[in-house]
file start10.cif (mmCIF, C-alpha atoms and all ligand atoms)
data_start
#
loop_
_atom_site.label_atom_id
_atom_site.label_comp_id
_atom_site.auth_asym_id
_atom_site.auth_seq_id
_atom_site.Cartn_x
_atom_site.Cartn_y
_atom_site.Cartn_z
CA MET A 1 10.64 10.75 6.12
CA ASN A 2 8.86 9.22 3.13
CA GLU A 3 7.46 6.53 5.41
CA ASP A 4 5.63 9.38 7.18
CA LYS A 5 4.46 10.73 3.82
CA LYS A 6 3.06 7.37 2.81
CA GLN A 7 1.28 6.98 6.14
CA LEU A 8 -0.11 10.50 5.82
CA ILE A 9 -1.39 9.73 2.31
CA LEU A 10 -3.05 6.50 3.44
CA ASP A 11 -4.70 8.39 6.32
CA ARG A 12 -6.04 11.05 3.91
CA ILE A 13 -7.35 8.33 1.56
CA LYS A 14 -9.19 6.74 4.48
CA ALA A 15 -10.71 10.09 5.43
CA TYR A 16 -12.53 10.67 2.11
CA ASP A 17 -15.61 9.05 0.58
CA ARG A 18 -14.73 10.16 -2.93
CA ILE A 19 -11.25 10.09 -4.44
CA ILE A 20 -10.39 11.35 -7.91
CA LEU A 21 -7.13 10.41 -9.60
CA SER A 22 -5.50 12.38 -12.40
CA ARG A 23 -2.28 12.23 -14.43
CA HIS A 24 -0.37 14.44 -16.85
CA THR A 25 -1.44 15.56 -20.33
CA ARG A 26 -0.15 13.68 -23.38
CA PRO A 27 -0.02 10.55 -21.25
CA ASP A 28 2.48 7.73 -21.52
CA GLY A 29 2.31 4.17 -20.20
CA ASP A 30 3.44 5.19 -16.71
CA ALA A 31 0.86 7.97 -16.38
CA VAL A 32 -2.07 5.79 -17.49
CA GLY A 33 -0.76 2.65 -15.76
CA SER A 34 -0.25 4.38 -12.42
CA THR A 35 -3.66 6.10 -12.33
CA LEU A 36 -5.60 3.02 -13.45
CA GLY A 37 -3.50 0.70 -11.27
CA PHE A 38 -3.79 2.84 -8.15
CA ALA A 39 -7.52 3.38 -8.79
CA LYS A 40 -7.98 -0.41 -8.95
CA ILE A 41 -6.06 -0.92 -5.69
CA LEU A 42 -8.22 1.71 -3.98
CA LYS A 43 -11.46 0.25 -5.38
CA LEU A 44 -10.53 -3.24 -4.17
CA SER A 45 -9.33 -2.04 -0.78
CA PHE A 46 -12.11 0.46 -0.06
CA PRO A 47 -15.20 -0.79 -1.95
CA GLU A 48 -17.42 1.70 -0.11
CA LYS A 49 -15.58 4.70 -1.57
CA GLU A 50 -16.20 6.25 -4.98
CA ILE A 51 -12.96 6.17 -7.00
CA LEU A 52 -12.79 8.08 -10.30
CA VAL A 53 -10.05 8.60 -12.88
CA ALA A 54 -10.45 12.07 -14.39
CA CYS A 55 -8.60 13.31 -17.48
CA ASP A 56 -8.98 15.82 -20.31
CA ASP A 57 -7.06 13.89 -22.97
CA TYR A 58 -6.50 10.27 -23.95
CA THR A 59 -4.03 7.96 -25.64
CA ASP A 60 -4.63 4.75 -27.58
CA TYR A 61 -1.13 3.59 -26.71
CA VAL A 62 -2.04 1.44 -23.67
CA SER A 63 -5.82 1.30 -24.16
CA PHE A 64 -5.71 -2.43 -23.31
CA LEU A 65 -5.27 -1.40 -19.64
CA GLY A 66 -8.86 -0.19 -19.40
CA LYS A 67 -10.92 2.98 -19.54
CA GLU A 68 -10.45 6.22 -17.64
CA ASP A 69 -13.57 8.11 -16.54
CA GLY A 70 -12.57 11.25 -18.46
CA ASP A 71 -14.64 14.32 -17.75
CA VAL A 72 -15.80 14.18 -14.12
CA PRO A 73 -18.52 16.81 -13.45
CA PRO A 74 -17.49 19.75 -11.21
CA GLU A 75 -19.97 18.85 -8.45
CA LYS A 76 -18.13 15.56 -7.90
CA TYR A 77 -15.12 17.52 -6.67
CA GLU A 78 -17.01 18.91 -3.71
CA GLY A 79 -15.54 17.35 -0.57
CA ALA A 80 -13.33 15.09 -2.71
CA LEU A 81 -9.66 14.20 -2.48
CA LEU A 82 -7.68 14.58 -5.70
CA ILE A 83 -4.51 12.52 -6.14
CA VAL A 84 -2.33 13.68 -9.01
CA LEU A 85 0.15 11.12 -10.29
CA ASP A 86 3.30 11.42 -12.41
CA THR A 87 2.85 15.15 -13.06
CA GLY A 88 5.80 17.45 -12.33
CA SER A 89 4.07 20.80 -12.62
CA TYR A 90 0.54 21.98 -11.93
CA ASP A 91 -0.06 23.20 -15.50
CA ARG A 92 0.58 19.70 -16.91
CA ILE A 93 -2.29 18.11 -14.95
CA SER A 94 -4.80 16.69 -17.41
CA ASN A 95 -7.73 17.95 -15.37
CA LYS A 96 -9.20 21.41 -15.84
CA ASN A 97 -11.18 21.00 -12.61
CA ALA A 98 -8.21 20.09 -10.42
CA LYS A 99 -8.50 23.12 -8.18
CA LEU A 100 -12.12 22.31 -7.27
CA ALA A 101 -11.07 19.38 -5.07
CA LYS A 102 -11.07 19.88 -1.30
CA GLU A 103 -7.55 18.55 -0.93
CA MET A 104 -4.82 17.64 -3.38
CA ILE A 105 -2.00 15.11 -3.07
CA LYS A 106 0.90 15.02 -5.50
CA ILE A 107 2.73 11.72 -6.05
CA ASP A 108 5.54 12.07 -8.53
CA HIS A 109 8.98 10.93 -9.67
CA HIS A 110 10.08 14.00 -11.67
CA VAL A 111 12.68 16.43 -10.35
CA GLU A 112 10.60 18.82 -8.26
CA ASP A 113 10.89 22.33 -9.70
CA GLU A 114 7.43 23.39 -8.79
CA PRO A 115 5.81 21.99 -5.65
CA TYR A 116 2.00 21.91 -5.60
CA GLY A 117 -0.69 20.15 -3.62
CA ASP A 118 -1.41 19.96 0.11
CA ILE A 119 0.77 16.88 0.48
CA SER A 120 3.59 16.08 -1.92
CA TRP A 121 5.40 12.74 -2.07
CA VAL A 122 8.19 12.93 -4.64
CA GLU A 123 10.96 10.40 -5.21
CA ASP A 124 12.87 11.53 -8.28
CA PHE A 125 15.27 8.57 -8.14
CA ARG A 126 12.47 6.21 -9.19
CA SER A 127 12.47 4.90 -12.76
CA ALA A 128 8.66 5.01 -12.93
CA LEU A 129 5.80 6.42 -10.91
CA CYS A 130 4.29 2.93 -10.94
CA GLU A 131 7.30 1.79 -8.89
CA MET A 132 6.19 4.18 -6.12
CA ILE A 133 2.63 2.85 -6.26
CA VAL A 134 3.89 -0.73 -5.90
CA ASP A 135 6.08 0.43 -3.01
CA PHE A 136 2.99 2.04 -1.42
CA TYR A 137 1.07 -1.20 -1.86
CA VAL A 138 3.90 -3.26 -0.34
CA THR A 139 4.23 -0.87 2.63
CA PHE A 140 0.55 -1.31 3.50
CA LYS A 141 0.09 -4.85 2.21
CA ASP A 142 -1.97 -5.83 5.24
CA GLU A 143 -4.51 -3.10 4.53
CA LEU A 144 -4.52 -2.91 0.72
CA LYS A 145 -5.68 -5.34 -1.94
CA ILE A 146 -4.38 -5.81 -5.47
CA ASP A 147 -5.39 -8.06 -8.37
CA LYS A 148 -3.99 -9.14 -11.75
CA GLU A 149 -5.60 -6.21 -13.55
CA ALA A 150 -3.95 -3.64 -11.26
CA ALA A 151 -0.65 -5.51 -11.41
CA LEU A 152 -0.73 -5.40 -15.23
CA CYS A 153 -1.34 -1.62 -15.19
CA LEU A 154 1.56 -1.03 -12.80
CA PHE A 155 3.92 -3.44 -14.55
CA THR A 156 3.17 -1.75 -17.89
CA GLY A 157 4.13 1.62 -16.40
CA MET A 158 7.33 0.19 -14.96
CA VAL A 159 8.39 -1.51 -18.20
CA THR A 160 7.65 1.45 -20.45
CA ASP A 161 9.10 4.23 -18.26
CA SER A 162 12.30 2.31 -17.50
CA GLY A 163 12.97 1.42 -21.14
CA ARG A 164 12.36 -2.26 -20.42
CA PHE A 165 14.32 -2.00 -17.15
CA ARG A 166 17.39 -0.58 -18.86
CA PHE A 167 17.54 3.07 -17.75
CA SER A 168 20.08 4.13 -15.15
CA GLU A 169 17.45 4.66 -12.42
CA VAL A 170 16.71 0.93 -12.41
CA ASN A 171 18.14 -0.67 -9.27
CA GLY A 172 17.54 -3.67 -7.06
CA ASP A 173 14.41 -2.09 -5.59
CA THR A 174 12.92 -1.63 -9.05
CA LEU A 175 13.29 -5.32 -9.81
CA ARG A 176 12.13 -6.41 -6.36
CA LEU A 177 8.96 -4.33 -6.81
CA ALA A 178 8.47 -5.64 -10.36
CA ALA A 179 8.83 -9.15 -8.91
CA VAL A 180 5.89 -8.47 -6.58
CA LEU A 181 3.76 -7.81 -9.67
CA LEU A 182 5.07 -10.83 -11.59
CA ASP A 183 4.23 -13.04 -8.61
CA ILE A 184 0.61 -11.88 -8.86
CA GLY A 185 0.58 -13.23 -12.42
CA ILE A 186 1.22 -11.22 -15.57
CA ASP A 187 1.05 -12.56 -19.10
CA THR A 188 4.27 -10.86 -20.21
CA GLU A 189 4.30 -12.43 -23.67
CA THR A 190 0.96 -10.83 -24.55
CA LEU A 191 1.98 -7.57 -22.90
CA TYR A 192 5.24 -7.29 -24.83
CA ALA A 193 3.47 -8.20 -28.08
CA ARG A 194 1.00 -5.38 -27.43
CA LEU A 195 3.72 -2.91 -26.57
CA TYR A 196 6.44 -3.71 -29.04
CA LEU A 197 5.17 -5.31 -32.26
CA GLU A 198 5.08 -2.76 -35.08
CA ASP A 199 3.09 -2.51 -38.29
CA PHE A 200 4.94 -3.29 -41.49
CA ASP A 201 4.45 0.31 -42.71
CA TYR A 202 5.84 1.70 -39.47
CA LEU A 203 9.02 -0.29 -39.91
CA LYS A 204 9.31 1.17 -43.42
CA PHE A 205 9.03 4.58 -41.79
CA GLN A 206 11.76 3.61 -39.33
CA ALA A 207 14.04 2.76 -42.25
CA TYR A 208 13.30 6.25 -43.65
CA VAL A 209 14.16 7.86 -40.31
CA TYR A 210 17.59 6.24 -40.39
CA GLU A 211 17.99 7.54 -43.92
CA VAL A 212 17.27 11.18 -43.09
CA MET A 213 18.49 11.54 -39.47
CA LYS A 214 21.33 13.98 -38.93
CA ILE A 215 24.22 14.24 -36.52
CA THR A 216 26.17 17.30 -35.35
CA GLU A 217 29.93 17.62 -35.09
CA ASN A 218 30.05 16.47 -31.47
CA GLY A 219 27.32 13.88 -31.73
CA VAL A 220 23.77 15.20 -31.28
CA ALA A 221 21.60 12.88 -33.37
CA TYR A 222 18.31 14.44 -34.42
CA ILE A 223 15.32 14.18 -36.67
CA TYR A 224 12.70 16.72 -37.65
CA VAL A 225 9.39 14.99 -38.33
CA ASP A 226 7.67 17.73 -40.27
CA GLU A 227 4.03 17.78 -41.39
CA GLU A 228 4.93 16.45 -44.82
CA MET A 229 6.70 13.42 -43.38
CA GLN A 230 3.78 12.75 -41.03
CA LYS A 231 1.35 12.85 -43.99
CA ARG A 232 3.55 10.75 -46.27
CA PHE A 233 3.69 7.90 -43.77
CA SER A 234 0.18 8.50 -42.30
CA LEU A 235 1.65 8.90 -38.85
CA THR A 236 -0.31 9.72 -35.75
CA ARG A 237 1.40 12.39 -33.62
CA GLU A 238 2.24 9.65 -31.19
CA GLN A 239 4.00 7.57 -33.85
CA ALA A 240 5.82 10.69 -35.03
CA SER A 241 6.88 11.34 -31.42
CA ASN A 242 8.21 7.82 -31.00
CA THR A 243 11.01 8.52 -33.48
CA VAL A 244 13.10 9.67 -30.53
CA GLY A 245 13.40 6.04 -29.49
CA MET A 246 14.99 5.15 -32.84
CA LEU A 247 17.99 7.41 -32.32
CA GLY A 248 19.23 6.19 -28.98
CA GLU A 249 21.81 3.63 -29.94
CA ILE A 250 24.35 5.49 -32.04
CA LYS A 251 27.97 5.27 -30.93
CA GLY A 252 29.41 8.63 -29.92
CA SER A 253 25.96 10.22 -29.73
CA ILE A 254 25.04 10.88 -26.12
CA ILE A 255 22.21 13.30 -26.78
CA TRP A 256 19.46 12.58 -29.28
CA LEU A 257 16.47 14.72 -30.18
CA ALA A 258 13.20 14.40 -32.06
CA PHE A 259 11.37 17.50 -33.28
CA ILE A 260 7.74 16.86 -34.08
CA ASP A 261 5.72 19.45 -35.94
CA ASN A 262 2.48 19.95 -34.02
CA GLY A 263 0.80 21.57 -37.02
CA ASP A 264 -0.08 24.71 -35.05
CA GLY A 265 3.17 26.66 -35.37
CA SER A 266 4.77 24.86 -32.45
CA ILE A 267 7.27 22.01 -32.54
CA ARG A 268 7.41 19.42 -29.78
CA VAL A 269 10.93 18.49 -28.75
CA ARG A 270 11.79 15.21 -27.09
CA LEU A 271 15.26 15.16 -25.54
CA ARG A 272 17.09 12.01 -24.50
CA SER A 273 20.65 11.45 -23.28
CA ARG A 274 23.22 9.18 -21.69
CA PHE A 275 25.67 10.59 -19.11
CA VAL A 276 24.75 14.24 -19.84
CA GLU A 277 21.86 16.06 -18.18
CA VAL A 278 19.34 17.59 -20.58
CA ASN A 279 16.56 18.78 -18.29
CA LYS A 280 18.10 22.24 -17.88
CA LEU A 281 18.45 22.54 -21.63
CA ALA A 282 14.76 21.64 -21.94
CA GLY A 283 13.99 24.30 -19.33
CA LYS A 284 15.61 26.93 -21.54
CA TYR A 285 13.12 26.02 -24.30
CA HIS A 286 9.79 26.08 -22.44
CA GLY A 287 10.10 22.60 -21.01
CA GLY A 288 11.60 20.41 -18.33
CA GLY A 289 11.62 16.81 -17.19
CA HIS A 290 14.09 14.22 -15.97
CA LEU A 291 17.89 14.48 -16.07
CA CYS A 292 18.19 12.26 -19.15
CA ALA A 293 14.64 12.38 -20.59
CA ALA A 294 13.00 15.72 -21.04
CA GLY A 295 10.55 17.60 -23.24
CA ALA A 296 10.35 21.12 -24.64
CA THR A 297 8.59 23.22 -27.26
CA VAL A 298 10.11 25.48 -29.90
CA TYR A 299 8.33 27.86 -32.23
CA SER A 300 10.65 28.35 -35.21
CA ALA A 301 13.46 26.80 -37.22
CA ASP A 302 15.84 29.30 -35.62
CA GLU A 303 14.87 28.17 -32.16
CA MET A 304 15.22 24.54 -33.21
CA ASN A 305 18.74 25.19 -34.52
CA ALA A 306 19.65 27.09 -31.35
CA LEU A 307 18.57 24.12 -29.22
CA ILE A 308 20.62 21.71 -31.37
CA LYS A 309 23.64 24.00 -31.02
CA ASP A 310 23.22 24.16 -27.25
CA ALA A 311 22.97 20.36 -27.09
CA ASP A 312 26.12 20.06 -29.20
CA ALA A 313 27.98 22.36 -26.79
CA LEU A 314 26.87 20.16 -23.86
CA ILE A 315 28.34 17.07 -25.52
CA LYS A 316 31.55 18.91 -26.42
CA GLU A 317 32.02 19.94 -22.80
CA PHE A 318 31.24 16.45 -21.57
CA LYS A 319 33.63 14.75 -23.99
CA GLU A 320 36.42 17.14 -23.04
CA ASN A 321 36.08 16.23 -19.38
CA ASN A 322 35.00 12.61 -19.31
CA PHE A 323 35.65 9.22 -20.68
CA TYR A 324 32.63 8.18 -22.69
CA LEU A 325 31.43 5.28 -24.77
P1 LIG B 401 8.54 13.25 -23.33
O1 LIG B 401 9.63 13.39 -24.31
O2 LIG B 401 7.35 14.07 -23.67
O3 LIG B 401 8.26 11.83 -23.02
O4 LIG B 401 9.07 13.88 -21.97
C1 LIG B 401 10.10 13.31 -21.21
C2 LIG B 401 9.91 13.73 -19.78
O5 LIG B 401 9.97 15.14 -19.67
C3 LIG B 401 8.56 13.30 -19.27
O6 LIG B 401 8.74 12.65 -18.06
C4 LIG B 401 7.77 14.54 -19.12
O7 LIG B 401 7.05 14.53 -17.94
C5 LIG B 401 8.80 15.67 -19.08
N1 LIG B 401 8.32 16.79 -19.89
C6 LIG B 401 7.96 16.75 -21.19
N2 LIG B 401 7.56 17.97 -21.62
C7 LIG B 401 7.66 18.81 -20.56
C8 LIG B 401 7.38 20.18 -20.35
N3 LIG B 401 6.93 20.97 -21.33
N4 LIG B 401 7.60 20.69 -19.12
C9 LIG B 401 8.07 19.92 -18.12
N5 LIG B 401 8.35 18.60 -18.26
C10 LIG B 401 8.16 18.04 -19.44
#
call {"tool": "encode", "arguments": {"input": "start10.cif", "output": "structure tokens"}}
result
Amino acid sequence: MNEDKKQLILDRIKAYDRIILSRHTRPDGDAVGSTLGFAKILKLSFPEKEILVACDDYTDYVSFLGKEDGDVPPEKYEGALLIVLDTGSYDRISNKNAKLAKEMIKIDHHVEDEPYGDISWVEDFRSALCEMIVDFYVTFKDELKIDKEAALCLFTGMVTDSGRFRFSEVNGDTLRLAAVLLDIGIDTETLYARLYLEDFDYLKFQAYVYEVMKITENGVAYIYVDEEMQKRFSLTREQASNTVGMLGEIKGSIIWLAFIDNGDGSIRVRLRSRFVEVNKLAGKYHGGGHLCAAGATVYSADEMNALIKDADALIKEFKENNFYL
């Protein structure tokens, strides 16, 4: 069935002179990597077409992958095809002009709660959206072209969204598709240095996080990165958000949460888990996402505590019924 979807998408791409690609707001490596990587494949394969990457917000995180086009003027959408990548719901598209396009295609790997677009190709078992783009490239290898730059974009998305190929969605296909990119030639040493080396001060902050993190009775590890903490360590919001990654390797803790004060009365919640599903919990608090990696927003300390309590109850139930590590 998805073979038909892919063919349909390639046919629609061929039918348009102008194609605009967009991704989700507050982008991560997979969102930026997939849009820039797919844009590069399309530019190389169809040099006569105009290919643009439109977005309303940016990240410095993977800026080494290249520049997005940003604000694409409304008139450019006339008669254009819009391909939205890695974006589960319509309201998370980082493109205020999305509805101006003549036709919209959704390509995504999130659990599909809210279908949108004229054509939707969703594979929620994939560890990264970039994996689907590589699969698309491999399927039509005789018609599509790729280069080192595109391969780097797609590999970056695969590495970052799969937790360095460690998350449970990673399977043989993931590695076979990553191998296609490695064969094209990727300087992984430079890439990993760019992605994973930390500033001295940030490591000091990490030590502080371990000092102040908390754990509930049944094992929800959490941290609240309030405004004061962000100021004290001169953290960008992105650095503050990354604290969730510091809490993921505590024995007995199968859900871990980071609360990041947005400074506008709202608190971003990042939910991560092993074995237990947290996307429904995120849904209860204005969010959603993957089974074991989701996001939400709360608006008060009470709501934050309620979410922690709910997460604790999930672990309790799980531990009562399952063997766990
Ligand atoms: P994050 O912690 O922001 O990296 O989010 C983890 C996953 O949940 C990502 O794949 C997001 O796409 C998804 N997600 C985050 N926030 C929301 C939200 N408010 N609504 C739906 N999905 C979300």
call {"tool": "residues_around", "arguments": {"input": "start10.cif", "residues": "segment 53-66 of chain A", "least_positions_apart": "5", "cutoff": "8 Å", "atoms": "all atoms listed in the file", "output": "VMD selection string"}}
result
chain A and resid 20 to 23 25 to 29 32 to 33 35 to 36 39 71 to 72 94 to 96 149 152 to 153 195
call {"tool": "write_last_selection", "arguments": {"input": "start10.cif", "atoms": "C-alpha atoms", "output": "tab-separated table (two decimals), keeping the file's coordinate frame"}}
result
chain	number	residue	atom	x	y	z
A	20	ILE	CA	-10.39	11.35	-7.91
A	21	LEU	CA	-7.13	10.41	-9.60
A	22	SER	CA	-5.50	12.38	-12.40
A	23	ARG	CA	-2.28	12.23	-14.43
A	25	THR	CA	-1.44	15.56	-20.33
A	26	ARG	CA	-0.15	13.68	-23.38
A	27	PRO	CA	-0.02	10.55	-21.25
A	28	ASP	CA	2.48	7.73	-21.52
A	29	GLY	CA	2.31	4.17	-20.20
A	32	VAL	CA	-2.07	5.79	-17.49
A	33	GLY	CA	-0.76	2.65	-15.76
A	35	THR	CA	-3.66	6.10	-12.33
A	36	LEU	CA	-5.60	3.02	-13.45
A	39	ALA	CA	-7.52	3.38	-8.79
A	71	ASP	CA	-14.64	14.32	-17.75
A	72	VAL	CA	-15.80	14.18	-14.12
A	94	SER	CA	-4.80	16.69	-17.41
A	95	ASN	CA	-7.73	17.95	-15.37
A	96	LYS	CA	-9.20	21.41	-15.84
A	149	GLU	CA	-5.60	-6.21	-13.55
A	152	LEU	CA	-0.73	-5.40	-15.23
A	153	CYS	CA	-1.34	-1.62	-15.19
A	195	LEU	CA	3.72	-2.91	-26.57
call {"tool": "atom_distance", "arguments": {"input": "start10.cif", "atom1": "atom CA of Thr188 of chain A", "atom2": "atom CA of Lys141 of chain A"}}
result
23.6 Å
call {"tool": "atom_distance", "arguments": {"input": "start10.cif", "atom1": "atom CA of Ser266 of chain A", "atom2": "atom CA of Ala221 of chain A"}}
result
20.7 Å
call {"tool": "atom_distance", "arguments": {"input": "start10.cif", "atom1": "atom CA of Ile105 of chain A", "atom2": "atom CA of Val84 of chain A"}}
result
6.1 Å
call {"tool": "residues_near_ligand", "arguments": {"input": "start10.cif", "ligand": "ligand LIG 401 (chain B)", "cutoff": "8 Å", "atoms": "only C-alpha atoms and all ligand atoms", "output": "PyMOL selection string"}}
result
chain A and resi 24+26+28+86-89+92+110+241+269-272+279+282-283+286-290+293-297
call {"tool": "closest_residue", "arguments": {"input": "start10.cif", "among": "A:Phe155, A:Phe125, A:Tyr208, A:Tyr224", "to": "Leu191 of chain A", "atoms": "all atoms listed in the file"}}
result
A:Phe155
call {"tool": "residues_around", "arguments": {"input": "start10.cif", "residues": "segment 197-207 of chain A", "least_positions_apart": "5", "cutoff": "8 Å", "atoms": "all atoms listed in the file", "output": "JSON, numbers by chain"}}
result
{"A": [192, 233, 243, 246]}
call {"tool": "closest_residue", "arguments": {"input": "start10.cif", "among": "A:Met104, A:Leu314, A:Val111, A:Ile83", "to": "Leu291 of chain A", "atoms": "all atoms listed in the file"}}
result
A:Val111
call {"tool": "decode", "arguments": {"input": "start10.cif", "residues": "segment 281-289 of chain A", "atoms": "all heavy atoms", "output": "CSV table (one decimal), in the first residue's frame"}}
result
chain,number,residue,atom,x,y,z
A,281,LEU,N,-0.7,10.4,27.9
A,281,LEU,CA,-0.5,11.3,29.0
A,281,LEU,C,-0.2,12.7,28.5
A,281,LEU,O,-0.8,13.7,29.0
A,281,LEU,CB,0.7,10.8,29.9
A,281,LEU,CG,1.1,11.7,31.1
A,281,LEU,CD1,0.0,11.8,32.1
A,281,LEU,CD2,2.3,11.1,31.8
A,282,ALA,N,0.6,12.8,27.5
A,282,ALA,CA,0.9,14.1,26.9
A,282,ALA,C,-0.4,14.7,26.3
A,282,ALA,O,-0.6,15.9,26.5
A,282,ALA,CB,2.0,14.0,25.8
A,283,GLY,N,-1.2,13.9,25.7
A,283,GLY,CA,-2.4,14.3,25.1
A,283,GLY,C,-3.4,14.9,26.2
A,283,GLY,O,-4.1,15.9,25.9
A,284,LYS,N,-3.3,14.4,27.4
A,284,LYS,CA,-4.1,15.0,28.5
A,284,LYS,C,-3.7,16.4,28.9
A,284,LYS,O,-4.5,17.2,29.4
A,284,LYS,CB,-4.0,14.0,29.7
A,284,LYS,CG,-5.0,14.3,30.8
A,284,LYS,CD,-4.9,13.3,31.9
A,284,LYS,CE,-5.6,13.8,33.2
A,284,LYS,NZ,-5.3,12.8,34.3
A,285,TYR,N,-2.4,16.7,28.5
A,285,TYR,CA,-1.9,18.0,28.9
A,285,TYR,C,-1.5,18.8,27.7
A,285,TYR,O,-0.3,19.2,27.5
A,285,TYR,CB,-0.7,17.9,29.9
A,285,TYR,CG,-1.1,17.3,31.2
A,285,TYR,CD1,-1.2,15.9,31.4
A,285,TYR,CD2,-1.6,18.1,32.2
A,285,TYR,CE1,-1.6,15.4,32.6
A,285,TYR,CE2,-2.0,17.6,33.5
A,285,TYR,CZ,-2.0,16.2,33.6
A,285,TYR,OH,-2.4,15.7,34.8
A,286,HIS,N,-2.4,19.0,26.7
A,286,HIS,CA,-2.3,19.8,25.6
A,286,HIS,C,-1.1,19.4,24.7
A,286,HIS,O,-0.4,20.3,24.2
A,286,HIS,CB,-2.1,21.3,26.0
A,286,HIS,CG,-2.8,21.7,27.2
A,286,HIS,ND1,-4.2,22.0,27.1
A,286,HIS,CD2,-2.5,21.9,28.5
A,286,HIS,CE1,-4.6,22.3,28.4
A,286,HIS,NE2,-3.6,22.3,29.2
A,287,GLY,N,-0.9,18.1,24.5
A,287,GLY,CA,0.3,17.7,23.7
A,287,GLY,C,0.0,16.4,23.0
A,287,GLY,O,-1.1,16.1,22.7
A,288,GLY,N,1.1,15.7,22.7
A,288,GLY,CA,1.0,14.5,22.0
A,288,GLY,C,2.4,14.0,21.6
A,288,GLY,O,3.3,14.4,22.2
A,289,GLY,N,2.5,13.1,20.6
A,289,GLY,CA,3.8,12.7,20.1
A,289,GLY,C,3.9,11.2,20.0
A,289,GLY,O,2.9,10.5,19.7
